[in-house]
file final-v9.cif (mmCIF, C-alpha atoms and all ligand atoms)
data_query
#
loop_
_atom_site.label_atom_id
_atom_site.label_comp_id
_atom_site.auth_asym_id
_atom_site.auth_seq_id
_atom_site.Cartn_x
_atom_site.Cartn_y
_atom_site.Cartn_z
CA MET A 9 40.82 8.91 1.08
CA ASN A 10 42.80 5.77 0.36
CA TRP A 11 42.65 4.28 -3.07
CA ASN A 12 40.66 1.04 -3.01
CA PRO A 13 41.61 -1.29 -5.89
CA ARG A 14 38.85 -3.75 -5.02
CA LEU A 15 36.18 -1.06 -5.40
CA TRP A 16 37.83 0.20 -8.58
CA ARG A 17 37.61 -3.27 -10.13
CA THR A 18 33.97 -3.46 -9.08
CA ALA A 19 33.32 0.00 -10.59
CA ARG A 20 34.84 -1.11 -13.91
CA ARG A 21 32.69 -4.20 -13.84
CA ILE A 22 29.53 -2.15 -13.21
CA GLU A 23 30.49 0.32 -15.94
CA ALA A 24 30.73 -2.60 -18.38
CA ALA A 25 27.38 -3.94 -17.14
CA TYR A 26 25.71 -0.56 -17.78
CA ARG A 27 27.21 -0.39 -21.27
CA ARG A 28 26.04 -3.92 -22.05
CA HIS A 29 22.51 -3.25 -20.90
CA ARG A 30 21.99 0.27 -22.19
CA GLY A 31 23.41 -0.29 -25.71
CA THR A 32 25.20 2.40 -27.74
CA PRO A 33 23.30 5.64 -28.44
CA PRO A 34 22.43 6.52 -32.08
CA PRO A 35 24.96 8.76 -33.89
CA CYS A 36 24.51 12.51 -33.54
CA ASP A 37 23.23 14.00 -36.82
CA ALA A 38 23.33 17.77 -37.51
CA PRO A 39 20.42 18.97 -39.71
CA TRP A 40 22.66 19.86 -42.71
CA TYR A 41 19.72 19.21 -45.13
CA ALA A 42 17.69 21.99 -43.49
CA TRP A 43 20.68 24.32 -43.63
CA GLN A 44 21.26 23.47 -47.29
CA ARG A 45 17.64 24.23 -48.14
CA LEU A 46 17.87 27.57 -46.33
CA THR A 47 21.09 28.65 -48.10
CA GLU A 48 19.62 27.76 -51.51
CA THR A 49 16.49 29.87 -50.80
CA CYS A 50 18.76 32.69 -49.58
CA ARG A 51 20.72 32.61 -52.84
CA LEU A 52 17.52 32.70 -54.94
CA ALA A 53 16.06 35.56 -52.89
CA THR A 54 19.23 37.65 -53.28
CA MET A 55 19.25 37.04 -57.05
CA ALA A 56 15.55 38.03 -57.39
CA ASN A 57 16.27 41.19 -55.43
CA LEU A 58 19.27 42.14 -57.60
CA ARG A 59 17.33 41.62 -60.80
CA GLY A 60 14.32 43.58 -59.54
CA TRP A 61 11.91 40.59 -59.80
CA ARG A 62 9.37 41.81 -57.28
CA HIS A 63 6.98 38.80 -57.44
CA ALA A 64 9.78 36.28 -57.29
CA HIS A 65 11.42 38.16 -54.46
CA ARG A 66 8.20 38.11 -52.38
CA ARG A 67 7.77 34.37 -53.03
CA GLN A 68 11.38 33.66 -52.01
CA HIS A 69 10.95 35.78 -48.89
CA GLU A 70 7.97 33.66 -47.77
CA GLN A 71 9.94 30.51 -48.55
CA LEU A 72 12.84 31.84 -46.48
CA VAL A 73 10.60 32.18 -43.40
CA ARG A 74 9.35 28.59 -43.85
CA ASP A 75 12.91 27.27 -44.29
CA LEU A 76 14.11 29.12 -41.18
CA ASP A 77 11.25 27.69 -39.11
CA TYR A 78 12.12 24.24 -40.40
CA LEU A 79 15.78 24.64 -39.46
CA LEU A 80 14.88 25.98 -36.01
CA GLY A 81 12.56 22.99 -35.43
CA GLU A 82 15.30 20.55 -36.40
CA LEU A 83 17.82 22.33 -34.17
CA ARG A 84 15.44 22.23 -31.19
CA ALA A 85 14.87 18.50 -31.75
CA LEU A 86 18.63 17.93 -31.83
CA ARG A 87 19.11 19.90 -28.66
CA GLY A 88 16.33 17.92 -26.92
CA SER A 89 17.88 14.62 -27.94
CA LEU A 90 21.28 15.77 -26.65
CA GLU A 91 19.71 16.71 -23.29
CA ARG A 92 18.01 13.31 -23.09
CA ARG A 93 21.28 11.64 -23.96
CA GLN A 94 23.02 13.62 -21.24
CA ARG A 95 20.42 12.35 -18.77
CA ASP A 96 20.71 8.77 -20.04
CA LYS A 97 24.45 8.95 -20.34
CA LEU A 98 26.26 5.89 -19.15
CA PRO A 99 27.84 6.27 -15.73
CA LEU A 100 31.60 6.15 -15.96
CA ALA A 101 33.86 4.02 -13.80
CA GLY A 102 35.18 7.11 -11.97
CA GLU A 103 31.67 8.17 -10.84
CA LEU A 104 30.73 4.59 -10.01
CA TYR A 105 33.87 4.27 -7.91
CA ALA A 106 32.92 7.40 -5.94
CA GLU A 107 29.44 5.92 -5.42
CA LEU A 108 30.89 2.63 -4.15
CA VAL A 109 33.19 4.47 -1.75
CA ALA A 110 30.22 6.51 -0.45
CA ALA A 111 28.06 3.37 -0.05
CA GLU A 112 30.88 1.55 1.73
CA ASP A 113 31.19 4.51 4.06
CA GLU A 114 27.45 4.74 4.75
CA PHE A 115 26.79 1.04 5.22
CA GLY A 116 30.14 -0.01 6.67
CA GLY A 117 30.85 -2.19 3.66
CA ILE A 118 29.86 -3.06 0.13
CA ALA A 119 30.49 -6.38 -1.56
CA VAL A 120 29.91 -8.11 -4.84
CA ASP A 121 29.39 -11.82 -5.42
CA ASP A 122 28.63 -13.75 -8.63
CA PHE A 123 26.40 -11.09 -10.14
CA GLU A 124 25.04 -9.03 -7.25
CA LEU A 125 26.34 -5.90 -5.59
CA TYR A 126 25.08 -5.63 -2.02
CA VAL A 127 25.13 -3.69 1.24
CA THR A 128 23.82 -4.71 4.66
CA THR A 129 21.51 -2.49 6.69
CA GLU A 130 21.70 -2.08 10.43
CA PRO A 131 19.17 -4.22 12.37
CA ILE A 132 15.75 -2.69 11.79
CA THR A 133 12.99 -2.36 14.38
CA LEU A 134 9.65 -0.83 13.39
CA GLU A 135 6.97 0.00 15.99
CA SER A 136 8.84 -2.15 18.54
CA ILE A 137 8.88 -5.16 16.20
CA TYR A 138 12.40 -6.43 15.56
CA LEU A 139 12.83 -7.35 11.88
CA GLY A 140 16.62 -7.75 11.88
CA PRO A 141 19.20 -6.56 9.32
CA PHE A 142 18.64 -6.89 5.57
CA GLU A 143 20.89 -7.20 2.56
CA ILE A 144 19.98 -4.91 -0.33
CA ARG A 145 21.15 -6.71 -3.47
CA LEU A 146 21.47 -5.14 -6.92
CA ASN A 147 21.61 -7.62 -9.79
CA LEU A 148 24.27 -6.40 -12.23
CA ALA A 149 22.99 -8.76 -14.93
CA ARG A 150 19.56 -7.11 -14.87
CA LEU A 151 20.40 -3.39 -14.83
CA ALA A 152 18.10 -2.69 -17.78
CA GLU A 153 15.06 -4.06 -15.92
CA SER A 154 12.73 -1.94 -13.84
CA ASP A 155 13.55 -3.48 -10.45
CA PRO A 156 16.84 -5.35 -10.52
CA TYR A 157 17.13 -5.40 -6.72
CA ARG A 158 16.00 -7.69 -3.93
CA VAL A 159 15.94 -7.41 -0.16
CA VAL A 160 17.12 -10.45 1.76
CA PRO A 161 16.57 -10.76 5.52
CA LEU A 162 19.66 -11.91 7.41
CA GLU A 163 17.72 -12.84 10.56
CA PRO A 164 14.21 -13.37 9.21
CA HIS A 165 11.39 -12.37 11.55
CA PRO A 166 8.49 -12.86 9.15
CA ALA A 167 4.85 -12.09 9.81
CA GLN A 168 3.08 -14.96 11.51
CA SER A 169 0.50 -15.14 8.72
CA SER A 170 3.05 -15.11 5.86
CA GLY A 171 6.54 -16.58 6.06
CA GLU A 172 7.51 -14.75 2.85
CA THR A 173 6.70 -11.34 4.31
CA THR A 174 9.87 -10.38 6.17
CA HIS A 175 9.14 -6.64 6.37
CA PRO A 176 5.83 -4.74 5.99
CA HIS A 177 6.99 -3.74 2.48
CA VAL A 178 9.00 -6.84 1.51
CA HIS A 179 7.38 -9.99 0.20
CA ASN A 180 9.34 -12.83 -1.39
CA GLU A 181 12.50 -10.67 -1.30
CA ARG A 182 10.76 -8.04 -3.46
CA ILE A 183 10.45 -4.61 -1.95
CA CYS A 184 7.51 -2.39 -2.85
CA LEU A 185 9.11 1.05 -2.82
CA GLY A 186 5.94 3.16 -2.89
CA GLU A 187 7.00 6.82 -2.52
CA GLY A 188 10.64 5.87 -3.13
CA LYS A 189 10.07 4.23 -6.52
CA ALA A 190 10.72 7.27 -8.73
CA ALA A 191 13.89 8.25 -6.87
CA VAL A 192 15.29 4.71 -7.04
CA THR A 193 14.52 4.47 -10.76
CA ALA A 194 16.32 7.79 -11.35
CA ALA A 195 19.30 6.75 -9.21
CA LEU A 196 19.58 3.46 -11.09
CA ALA A 197 19.40 5.20 -14.48
CA GLU A 198 22.13 7.67 -13.49
CA GLY A 199 24.38 5.13 -11.83
CA ARG A 200 23.99 6.79 -8.40
CA LEU A 201 24.36 3.52 -6.54
CA ALA A 202 24.91 5.00 -3.06
CA ASP A 203 21.63 6.90 -3.47
CA LEU A 204 19.87 3.78 -4.70
CA PHE A 205 20.97 1.76 -1.65
CA GLN A 206 20.23 4.64 0.70
CA ILE A 207 16.68 5.22 -0.61
CA ILE A 208 15.87 1.50 -0.31
CA ASN A 209 17.41 1.58 3.18
CA ARG A 210 15.16 4.52 4.14
CA VAL A 211 12.09 2.64 2.85
CA LEU A 212 13.14 -0.30 5.05
CA HIS A 213 13.31 2.09 8.01
CA THR A 214 9.78 3.40 7.40
CA TYR A 215 6.43 1.82 8.04
CA GLY A 216 3.73 2.95 5.62
CA GLU A 217 0.72 2.08 7.72
CA GLY A 218 -2.26 0.96 5.69
CA SER A 219 -0.20 0.06 2.62
CA ALA A 220 1.83 -2.90 3.92
CA PHE A 221 1.82 -6.56 2.85
CA VAL A 222 1.08 -7.34 6.51
CA GLU A 223 0.32 -4.50 8.91
CA LEU A 224 2.59 -4.37 11.97
CA ASP A 225 -0.27 -4.60 14.48
CA ARG A 226 -0.99 -8.02 12.97
CA TRP A 227 2.66 -9.08 12.63
CA TYR A 228 2.41 -11.69 15.35
CA GLY A 229 -1.14 -12.58 14.34
CA THR A 230 -4.14 -10.99 16.01
CA PRO A 231 -4.63 -11.22 19.76
CA CYS A 232 -7.79 -13.04 20.88
CA ARG A 233 -9.93 -10.57 22.80
CA GLU A 234 -10.66 -13.08 25.49
CA CYS A 235 -7.48 -15.08 26.17
CA ASP A 236 -4.98 -12.71 24.44
CA ALA A 237 -3.38 -15.61 22.54
CA SER A 238 -2.06 -14.65 19.11
CA VAL A 239 -4.10 -16.06 16.23
CA ASP A 240 -3.20 -16.48 12.55
CA ASP A 241 -5.39 -14.44 10.24
CA ASP A 242 -6.71 -17.67 8.70
CA ASP A 243 -7.84 -19.07 12.05
CA ILE A 244 -9.48 -15.99 13.41
CA TYR A 245 -13.19 -15.70 14.28
CA THR A 246 -14.96 -12.37 14.44
CA CYS A 247 -17.92 -11.77 16.72
CA ARG A 248 -20.81 -10.83 14.45
CA SER A 249 -22.20 -8.42 17.01
CA CYS A 250 -19.16 -6.46 18.27
CA ASP A 251 -16.45 -7.40 15.68
CA SER A 252 -13.93 -8.52 18.29
CA ALA A 253 -11.31 -11.08 17.21
CA LEU A 254 -11.48 -14.52 18.85
CA CYS A 255 -9.44 -17.70 18.82
CA GLY A 256 -10.97 -21.10 18.09
CA GLU A 257 -11.04 -21.91 21.81
CA CYS A 258 -12.85 -18.81 22.96
CA VAL A 259 -15.32 -18.35 20.13
CA ARG A 260 -18.94 -19.35 20.72
CA LEU A 261 -20.67 -20.65 17.64
CA CYS A 262 -24.40 -20.56 17.14
CA ASP A 263 -26.08 -23.35 15.13
CA CYS A 264 -26.65 -20.84 12.33
CA GLY A 265 -22.86 -20.49 11.91
CA PHE A 266 -22.56 -17.02 13.45
CA ALA A 267 -19.63 -16.46 15.78
CA ALA A 268 -20.08 -14.59 19.03
CA CYS A 269 -17.84 -13.47 21.87
CA HIS A 270 -18.55 -14.19 25.53
CA ASP A 271 -20.33 -10.87 26.02
CA CYS A 272 -22.47 -11.04 22.91
CA ALA A 273 -23.42 -14.74 23.05
CA THR A 274 -26.44 -15.87 25.04
CA ILE A 275 -26.92 -19.32 26.48
CA CYS A 276 -30.27 -20.92 25.76
CA TYR A 277 -32.17 -21.23 29.08
CA SER A 278 -33.24 -24.71 28.16
CA CYS A 279 -30.54 -26.61 26.20
CA GLU A 280 -27.66 -24.35 27.40
CA GLU A 281 -26.21 -24.08 23.89
CA THR A 282 -24.83 -20.78 22.50
CA VAL A 283 -27.35 -18.60 20.67
CA CYS A 284 -26.43 -15.55 18.63
CA SER A 285 -28.51 -12.41 18.92
CA ARG A 286 -30.09 -13.16 15.54
CA CYS A 287 -31.40 -16.58 16.60
CA LEU A 288 -32.38 -15.61 20.14
CA ALA A 289 -36.04 -15.44 21.16
CA THR A 290 -37.77 -14.70 24.44
CA CYS A 291 -40.56 -16.88 25.69
CA PRO A 292 -43.43 -14.45 26.34
CA ASP A 293 -44.72 -16.43 29.30
CA CYS A 294 -41.57 -16.87 31.44
CA GLU A 295 -39.55 -14.11 29.68
CA GLU A 296 -36.42 -16.29 29.57
CA GLU A 297 -34.20 -16.43 26.41
CA PHE A 298 -34.09 -19.53 24.21
CA CYS A 299 -32.64 -20.85 20.98
CA THR A 300 -35.17 -21.27 18.19
CA ALA A 301 -35.01 -25.09 18.51
CA CYS A 302 -36.17 -24.89 22.11
CA LEU A 303 -39.30 -22.87 21.34
CA GLU A 304 -42.47 -24.23 19.88
CA GLU A 305 -44.79 -21.67 18.36
CA GLY A 306 -42.75 -19.06 20.23
CA VAL A 307 -43.22 -20.59 23.68
CA CYS A 308 -40.69 -22.63 25.66
CA HIS A 309 -41.36 -26.27 26.47
CA ALA A 310 -41.71 -25.64 30.20
CA CYS A 311 -44.32 -22.92 29.72
CA GLN A 312 -46.07 -25.08 27.18
CA GLU A 313 -46.26 -28.00 29.62
CA MET A 314 -47.55 -25.77 32.36
CA GLU A 315 -50.24 -24.48 30.07
CA GLU A 316 -51.20 -27.98 29.03
CA GLU A 317 -51.49 -28.99 32.68
CA ARG A 318 -53.64 -25.96 33.40
CA GLU A 319 -55.88 -26.75 30.44
CA ALA A 320 -56.25 -30.33 31.54
CA ALA A 321 -57.26 -29.14 34.98
CA GLU A 322 -59.77 -26.69 33.51
CA GLU A 323 -61.18 -29.33 31.23
CA LYS A 324 -61.50 -31.66 34.15
CA ALA A 325 -63.34 -28.95 36.09
CA VAL A 326 -65.71 -28.34 33.18
CA LEU A 327 -66.41 -32.01 32.74
CA GLU A 328 -67.12 -32.27 36.43
CA ALA A 329 -69.45 -29.28 36.16
CA GLU A 330 -71.22 -30.84 33.19
CA SER A 331 -71.76 -34.10 35.01
CA ALA A 332 -73.05 -32.02 37.90
CA ASP A 333 -75.50 -30.35 35.44
CA ASP A 334 -76.95 -33.76 34.67
CA ASP A 335 -77.43 -34.13 38.39
CA PRO A 336 -80.62 -32.10 39.17
CA THR A 337 -79.36 -31.47 42.68
CA THR A 338 -76.66 -29.09 41.39
CA THR A 339 -77.31 -25.38 40.57
CA VAL A 340 -76.07 -24.00 37.25
CA HIS A 341 -74.11 -20.72 37.35
CA ALA A 342 -74.41 -18.48 34.30
CA ASP A 343 -70.74 -17.39 34.30
CA ARG A 344 -69.50 -20.95 34.20
CA LEU A 345 -71.69 -21.68 31.19
CA GLY A 346 -70.06 -18.76 29.37
CA GLU A 347 -66.67 -20.15 30.05
CA THR A 348 -67.65 -23.57 28.73
CA ALA A 349 -68.56 -21.99 25.39
CA VAL A 350 -65.12 -20.42 25.08
CA LEU A 351 -63.36 -23.60 26.09
CA ALA A 352 -64.92 -25.38 23.10
CA ARG A 353 -61.75 -24.17 21.35
CA PRO A 354 -58.44 -25.05 23.04
CA ARG A 355 -57.68 -21.97 25.11
CA HIS A 356 -53.91 -21.87 24.83
CA HIS A 357 -54.08 -21.79 21.03
CA ARG A 358 -56.32 -18.78 21.06
CA ASN A 359 -54.11 -17.00 23.54
CA ARG A 360 -51.00 -17.85 21.56
CA ARG A 361 -52.48 -16.46 18.39
CA LEU A 362 -53.16 -13.22 20.18
CA ARG A 363 -49.63 -13.16 21.53
CA ASN A 364 -48.16 -13.89 18.13
CA LEU A 365 -50.23 -11.12 16.61
CA GLY A 366 -48.98 -8.76 19.29
CA ARG A 367 -45.38 -9.78 18.63
CA GLN A 368 -45.72 -9.36 14.88
CA ARG A 369 -47.10 -5.90 15.42
CA SER A 370 -44.27 -4.89 17.72
CA ALA A 371 -41.71 -6.43 15.34
CA ALA A 372 -43.19 -4.36 12.51
CA HIS A 373 -42.26 -1.17 14.39
CA MET B 12 27.30 29.41 -10.11
CA LYS B 13 26.04 25.97 -11.06
CA ILE B 14 25.63 23.00 -8.74
CA LEU B 15 24.18 19.51 -9.27
CA PHE B 16 21.01 19.04 -7.24
CA ILE B 17 19.54 15.62 -6.42
CA ASP B 18 16.19 15.71 -4.66
CA ALA B 19 15.03 12.21 -3.69
CA THR B 20 11.70 13.61 -2.48
CA GLY B 21 10.58 14.12 -6.07
CA ALA B 22 11.39 12.44 -9.39
CA GLY B 23 14.94 12.12 -8.07
CA PHE B 24 16.94 12.98 -11.22
CA ALA B 25 20.16 14.87 -10.79
CA SER B 26 19.69 18.33 -12.30
CA PRO B 27 22.12 21.21 -12.69
CA ILE B 28 20.75 24.37 -11.05
CA ASP B 29 21.93 27.98 -10.72
CA VAL B 30 22.54 29.30 -7.22
CA ALA B 31 23.84 32.66 -6.03
CA GLU B 32 27.33 32.93 -4.56
CA GLY B 33 27.21 32.56 -0.81
CA THR B 34 24.19 30.24 -0.79
CA THR B 35 24.27 27.82 2.13
CA VAL B 36 22.95 24.25 2.22
CA GLY B 37 20.18 25.42 4.58
CA THR B 38 18.99 28.24 2.29
CA LEU B 39 18.73 25.94 -0.69
CA PHE B 40 17.07 23.25 1.43
CA LEU B 41 14.36 25.67 2.59
CA GLU B 42 13.89 27.00 -0.92
CA ARG B 43 13.68 23.66 -2.73
CA VAL B 44 12.43 21.14 -0.14
CA GLY B 45 11.36 22.79 3.11
CA GLY B 46 10.42 21.22 6.42
CA ASP B 47 12.68 20.03 9.19
CA PRO B 48 16.20 19.39 7.87
CA LYS B 49 16.69 16.83 10.66
CA ALA B 50 14.22 14.60 8.81
CA PHE B 51 16.56 14.43 5.82
CA LEU B 52 19.91 13.03 4.88
CA ILE B 53 21.73 16.00 3.36
CA ARG B 54 25.00 15.37 1.57
CA VAL B 55 27.42 17.56 -0.35
CA ASN B 56 29.80 15.73 -2.65
CA ARG B 57 28.66 12.44 -1.09
CA GLN B 58 29.65 13.55 2.43
CA SER B 59 27.13 14.47 5.11
CA ALA B 60 26.72 18.23 5.26
CA THR B 61 25.65 20.86 7.78
CA ILE B 62 22.97 23.49 7.28
CA ASN B 63 25.46 26.36 7.48
CA GLN B 64 27.84 24.89 4.95
CA LEU B 65 28.52 27.16 1.95
CA LEU B 66 27.91 25.77 -1.51
CA HIS B 67 30.61 26.04 -4.16
CA GLU B 68 30.63 25.91 -7.94
CA GLY B 69 30.27 22.31 -9.14
CA ASP B 70 29.09 20.93 -5.78
CA ARG B 71 26.79 17.95 -5.78
CA LEU B 72 24.00 18.35 -3.23
CA SER B 73 21.71 15.42 -2.51
CA ILE B 74 18.69 15.40 -0.20
CA THR B 75 17.05 12.14 0.87
CA PRO B 76 14.17 11.90 3.36
CA LEU B 77 14.81 9.63 6.34
CA LYS B 78 11.27 8.32 6.09
CA ILE B 79 10.09 7.05 2.72
CA GLU B 80 6.85 5.08 2.77
CA GLY B 81 6.82 1.84 0.89
CA ALA B 82 3.70 0.09 -0.30
CA ALA B 83 2.36 -3.40 -1.03
CA ALA B 84 2.51 -4.83 -4.56
ZN ZN C 1 -9.05 -17.01 22.97
ZN ZN C 2 -19.10 -9.72 20.81
ZN ZN C 3 -32.01 -24.27 23.33
ZN ZN C 4 -27.63 -17.96 15.29
ZN ZN C 5 -41.25 -19.90 28.89
#

call {"tool": "encode", "arguments": {"input": "final-v9.cif", "output": "structure tokens"}}
result
Amino acid sequence: MNWNPRLWRTARRIEAAYRRHRGTPPPCDAPWYAWQRLTETCRLATMANLRGWRHAHRRQHEQLVRDLDYLLGELRALRGSLERRQRDKLPLAGELYAELVAAEDEFGGIAVDDFELYVTTEPITLESIYLGPFEIRLNLARLAESDPYRVVPLEPHPAQSSGETTHPHVHNERICLGEGKAAVTAALAEGRLADLFQIINRVLHTYGEGSAFVELDRWYGTPCRECDASVDDDDIYTCRSCDSALCGECVRLCDCGFAACHDCATICYSCEETVCSRCLATCPDCEEEFCTACLEEGVCHACQEMEEEREAAEEKAVLEAESADDDPTTTVHADRLGETAVLARPRHHRNRRLRNLGRQRSAAH
Amino acid sequence: MKILFIDATGAGFASPIDVAEGTTVGTLFLERVGGDPKAFLIRVNRQSATINQLLHEGDRLSITPLKIEGAAA
């Protein structure tokens, strides 16, 4: 592989950036104090043994065990801190150079501008939606932060409902890495820059359905069920009966504010306005469907008028019969008298009460 | 022998592991990750690798899934 002085200079620059942001590790300290304590106890125990001091020797022996445990604890702590330091060790220019060469190879180029190191992805299409290529940019001045990278669309094809959402998982140039977060954090900590770019690239090539800023089936808005035009999420109506999405042109609105689609809306037989299923009522006499405004006491105006006409005719007949009663030449029929008694109350009101009762009962079931 | 293993399916830290002489990329992949190797980017010493490739002392093996699901916020 040819030596690339440009990438070497970049590697040196990144090495310096890591050093600046990570700070210098604390000095390594061997637990000499614990060792000193142990050797002193050892000396005392040997002396007690030589002189035949049995009590003192037993005491020193117990102390020796405690001192050894203490030393072992300190040594384990030192070893742990060295392992951590190894993991957090600053990436060196040589490793960073190899990472830059690998990234250049994988992405067909790597560049650095004022303070960002970046690669460009191939054009990305997810579920047949073309999103275009993206630049993955790592901010070298923010290496100590948790997400010093941004994702910039080169040919933005944002979601119709949100111009800042240029990818299901990118909003405002910030990528939400989801399953890739831990691996990117580790790669950043260890200076594995090719891995960092590649993991972000793989997230850009994946659609996590159900966890996106804007889901892909709504990328170009939602299609109206009736005219198929695409509608912004803010302008969409939903039929309250069947949940289908509707544009402002196709929606039918009931006076109560409920939206309905063509199939679920009913037209009032009288005023021809849209009625939702909630506000719809059937006239019991003609069995047509009406809006609540077009019914009076549950009956439509037409049926009401017909009833009134019928009543007027009946009344007229009764009056004629009564005047005939006054005329001794006319015979009185018992059944007609009975009917007169009932007609003392307006007949349609009685009938309507019965009907209403019947309806209430059936509604209660 | 020791190699450096980087598994981007998990926590993603590079960790030195012991492998037997004669271990191939495929054997280690099945042992540590599993699944269809075609769904992963497998690299040895930063170069793309094949399943039958033999691992050597000091190699750096990295495994990255091709599909990594992002999230929202
Ligand atoms: Zn429409
Ligand atoms: Zn509907
Ligand atoms: Zn009406
Ligand atoms: Zn209504
Ligand atoms: Zn009617």

call {"tool": "residues_around", "arguments": {"input": "final-v9.cif", "residues": "A:Ile22", "least_positions_apart": "4", "cutoff": "8 Å", "atoms": "all atoms listed in the file", "output": "list in words"}}
result
Thr18, Tyr26, Ala101, Leu104 and Leu148 of chain A

call {"tool": "residues_near_ligand", "arguments": {"input": "final-v9.cif", "ligand": "ligand ZN 3 (chain C)", "cutoff": "8 Å", "atoms": "only C-alpha atoms and all ligand atoms", "output": "JSON, numbers by chain"}}
result
{"A": [275, 276, 277, 278, 279, 280, 281, 283, 298, 299, 300, 301, 302, 303]}

call {"tool": "write_last_selection", "arguments": {"input": "final-v9.cif", "atoms": "C-alpha atoms", "output": "compact mmCIF listing (two decimals), keeping the file's coordinate frame"}}
result
# COMPACT_ATOMS: atom_id res chain seq x y z
CA ILE A 275 -26.92 -19.32 26.48
CA CYS A 276 -30.27 -20.92 25.76
CA TYR A 277 -32.17 -21.23 29.08
CA SER A 278 -33.24 -24.71 28.16
CA CYS A 279 -30.54 -26.61 26.20
CA GLU A 280 -27.66 -24.35 27.40
CA GLU A 281 -26.21 -24.08 23.89
CA VAL A 283 -27.35 -18.60 20.67
CA PHE A 298 -34.09 -19.53 24.21
CA CYS A 299 -32.64 -20.85 20.98
CA THR A 300 -35.17 -21.27 18.19
CA ALA A 301 -35.01 -25.09 18.51
CA CYS A 302 -36.17 -24.89 22.11
CA LEU A 303 -39.30 -22.87 21.34

call {"tool": "residues_near_ligand", "arguments": {"input": "final-v9.cif", "ligand": "ligand ZN 2 (chain C)", "cutoff": "6 Å", "atoms": "all atoms listed in the file", "output": "compact mmCIF listing (two decimals) with C-alpha atoms, in the frame of the given file"}}
result
# COMPACT_ATOMS: atom_id res chain seq x y z
CA CYS A 247 -17.92 -11.77 16.72
CA SER A 249 -22.20 -8.42 17.01
CA CYS A 250 -19.16 -6.46 18.27
CA SER A 252 -13.93 -8.52 18.29
CA ALA A 268 -20.08 -14.59 19.03
CA CYS A 269 -17.84 -13.47 21.87
CA ASP A 271 -20.33 -10.87 26.02
CA CYS A 272 -22.47 -11.04 22.91

call {"tool": "closest_residue", "arguments": {"input": "final-v9.cif", "among": "B:Ser73, B:Phe24, B:Leu52, B:Phe40", "to": "chain A", "atoms": "only C-alpha atoms"}}
result
B:Phe24

call {"tool": "interface_residues", "arguments": {"input": "final-v9.cif", "of": "chain A", "to": "chain B", "cutoff": "9 Å", "atoms": "all atoms listed in the file", "output": "PyMOL selection string"}}
result
chain A and resi 95+106-107+110+176-179+182-195+197-198+202-203+206-208+210-222

call {"tool": "residues_near_ligand", "arguments": {"input": "final-v9.cif", "ligand": "ligand ZN 5 (chain C)", "cutoff": "8 Å", "atoms": "only C-alpha atoms and all ligand atoms", "output": "ChimeraX atom specification"}}
result
/A:290-296,307-312

call {"tool": "residues_near_point", "arguments": {"input": "final-v9.cif", "point": "(19.1, -12.4, 11.5)", "cutoff": "7 Å", "atoms": "all atoms listed in the file", "output": "PyMOL selection string"}}
result
chain A and resi 140-141+161-164

call {"tool": "residues_near_ligand", "arguments": {"input": "final-v9.cif", "ligand": "ligand ZN 1 (chain C)", "cutoff": "10 Å", "atoms": "only C-alpha atoms and all ligand atoms", "output": "PDB file with C-alpha atoms, keeping the file's coordinate frame"}}
result
ATOM      1  CA  PRO A 231      -4.630 -11.220  19.760  1.00  0.00           C
ATOM      2  CA  CYS A 232      -7.790 -13.040  20.880  1.00  0.00           C
ATOM      3  CA  ARG A 233      -9.930 -10.570  22.800  1.00  0.00           C
ATOM      4  CA  GLU A 234     -10.660 -13.080  25.490  1.00  0.00           C
ATOM      5  CA  CYS A 235      -7.480 -15.080  26.170  1.00  0.00           C
ATOM      6  CA  ASP A 236      -4.980 -12.710  24.440  1.00  0.00           C
ATOM      7  CA  ALA A 237      -3.380 -15.610  22.540  1.00  0.00           C
ATOM      8  CA  SER A 238      -2.060 -14.650  19.110  1.00  0.00           C
ATOM      9  CA  VAL A 239      -4.100 -16.060  16.230  1.00  0.00           C
ATOM     10  CA  ILE A 244      -9.480 -15.990  13.410  1.00  0.00           C
ATOM     11  CA  TYR A 245     -13.190 -15.700  14.280  1.00  0.00           C
ATOM     12  CA  ALA A 253     -11.310 -11.080  17.210  1.00  0.00           C
ATOM     13  CA  LEU A 254     -11.480 -14.520  18.850  1.00  0.00           C
ATOM     14  CA  CYS A 255      -9.440 -17.700  18.820  1.00  0.00           C
ATOM     15  CA  GLY A 256     -10.970 -21.100  18.090  1.00  0.00           C
ATOM     16  CA  GLU A 257     -11.040 -21.910  21.810  1.00  0.00           C
ATOM     17  CA  CYS A 258     -12.850 -18.810  22.960  1.00  0.00           C
ATOM     18  CA  VAL A 259     -15.320 -18.350  20.130  1.00  0.00           C
ATOM     19  CA  CYS A 269     -17.840 -13.470  21.870  1.00  0.00           C
TER      20      CYS A 269
END

call {"tool": "residues_near_ligand", "arguments": {"input": "final-v9.cif", "ligand": "ligand ZN 4 (chain C)", "cutoff": "6 Å", "atoms": "only C-alpha atoms and all ligand atoms", "output": "PDB file with C-alpha atoms, in the coordinates of the input"}}
result
ATOM      1  CA  CYS A 262     -24.400 -20.560  17.140  1.00  0.00           C
ATOM      2  CA  ASP A 263     -26.080 -23.350  15.130  1.00  0.00           C
ATOM      3  CA  CYS A 264     -26.650 -20.840  12.330  1.00  0.00           C
ATOM      4  CA  PHE A 266     -22.560 -17.020  13.450  1.00  0.00           C
ATOM      5  CA  VAL A 283     -27.350 -18.600  20.670  1.00  0.00           C
ATOM      6  CA  CYS A 284     -26.430 -15.550  18.630  1.00  0.00           C
ATOM      7  CA  ARG A 286     -30.090 -13.160  15.540  1.00  0.00           C
ATOM      8  CA  CYS A 287     -31.400 -16.580  16.600  1.00  0.00           C
TER       9      CYS A 287
END
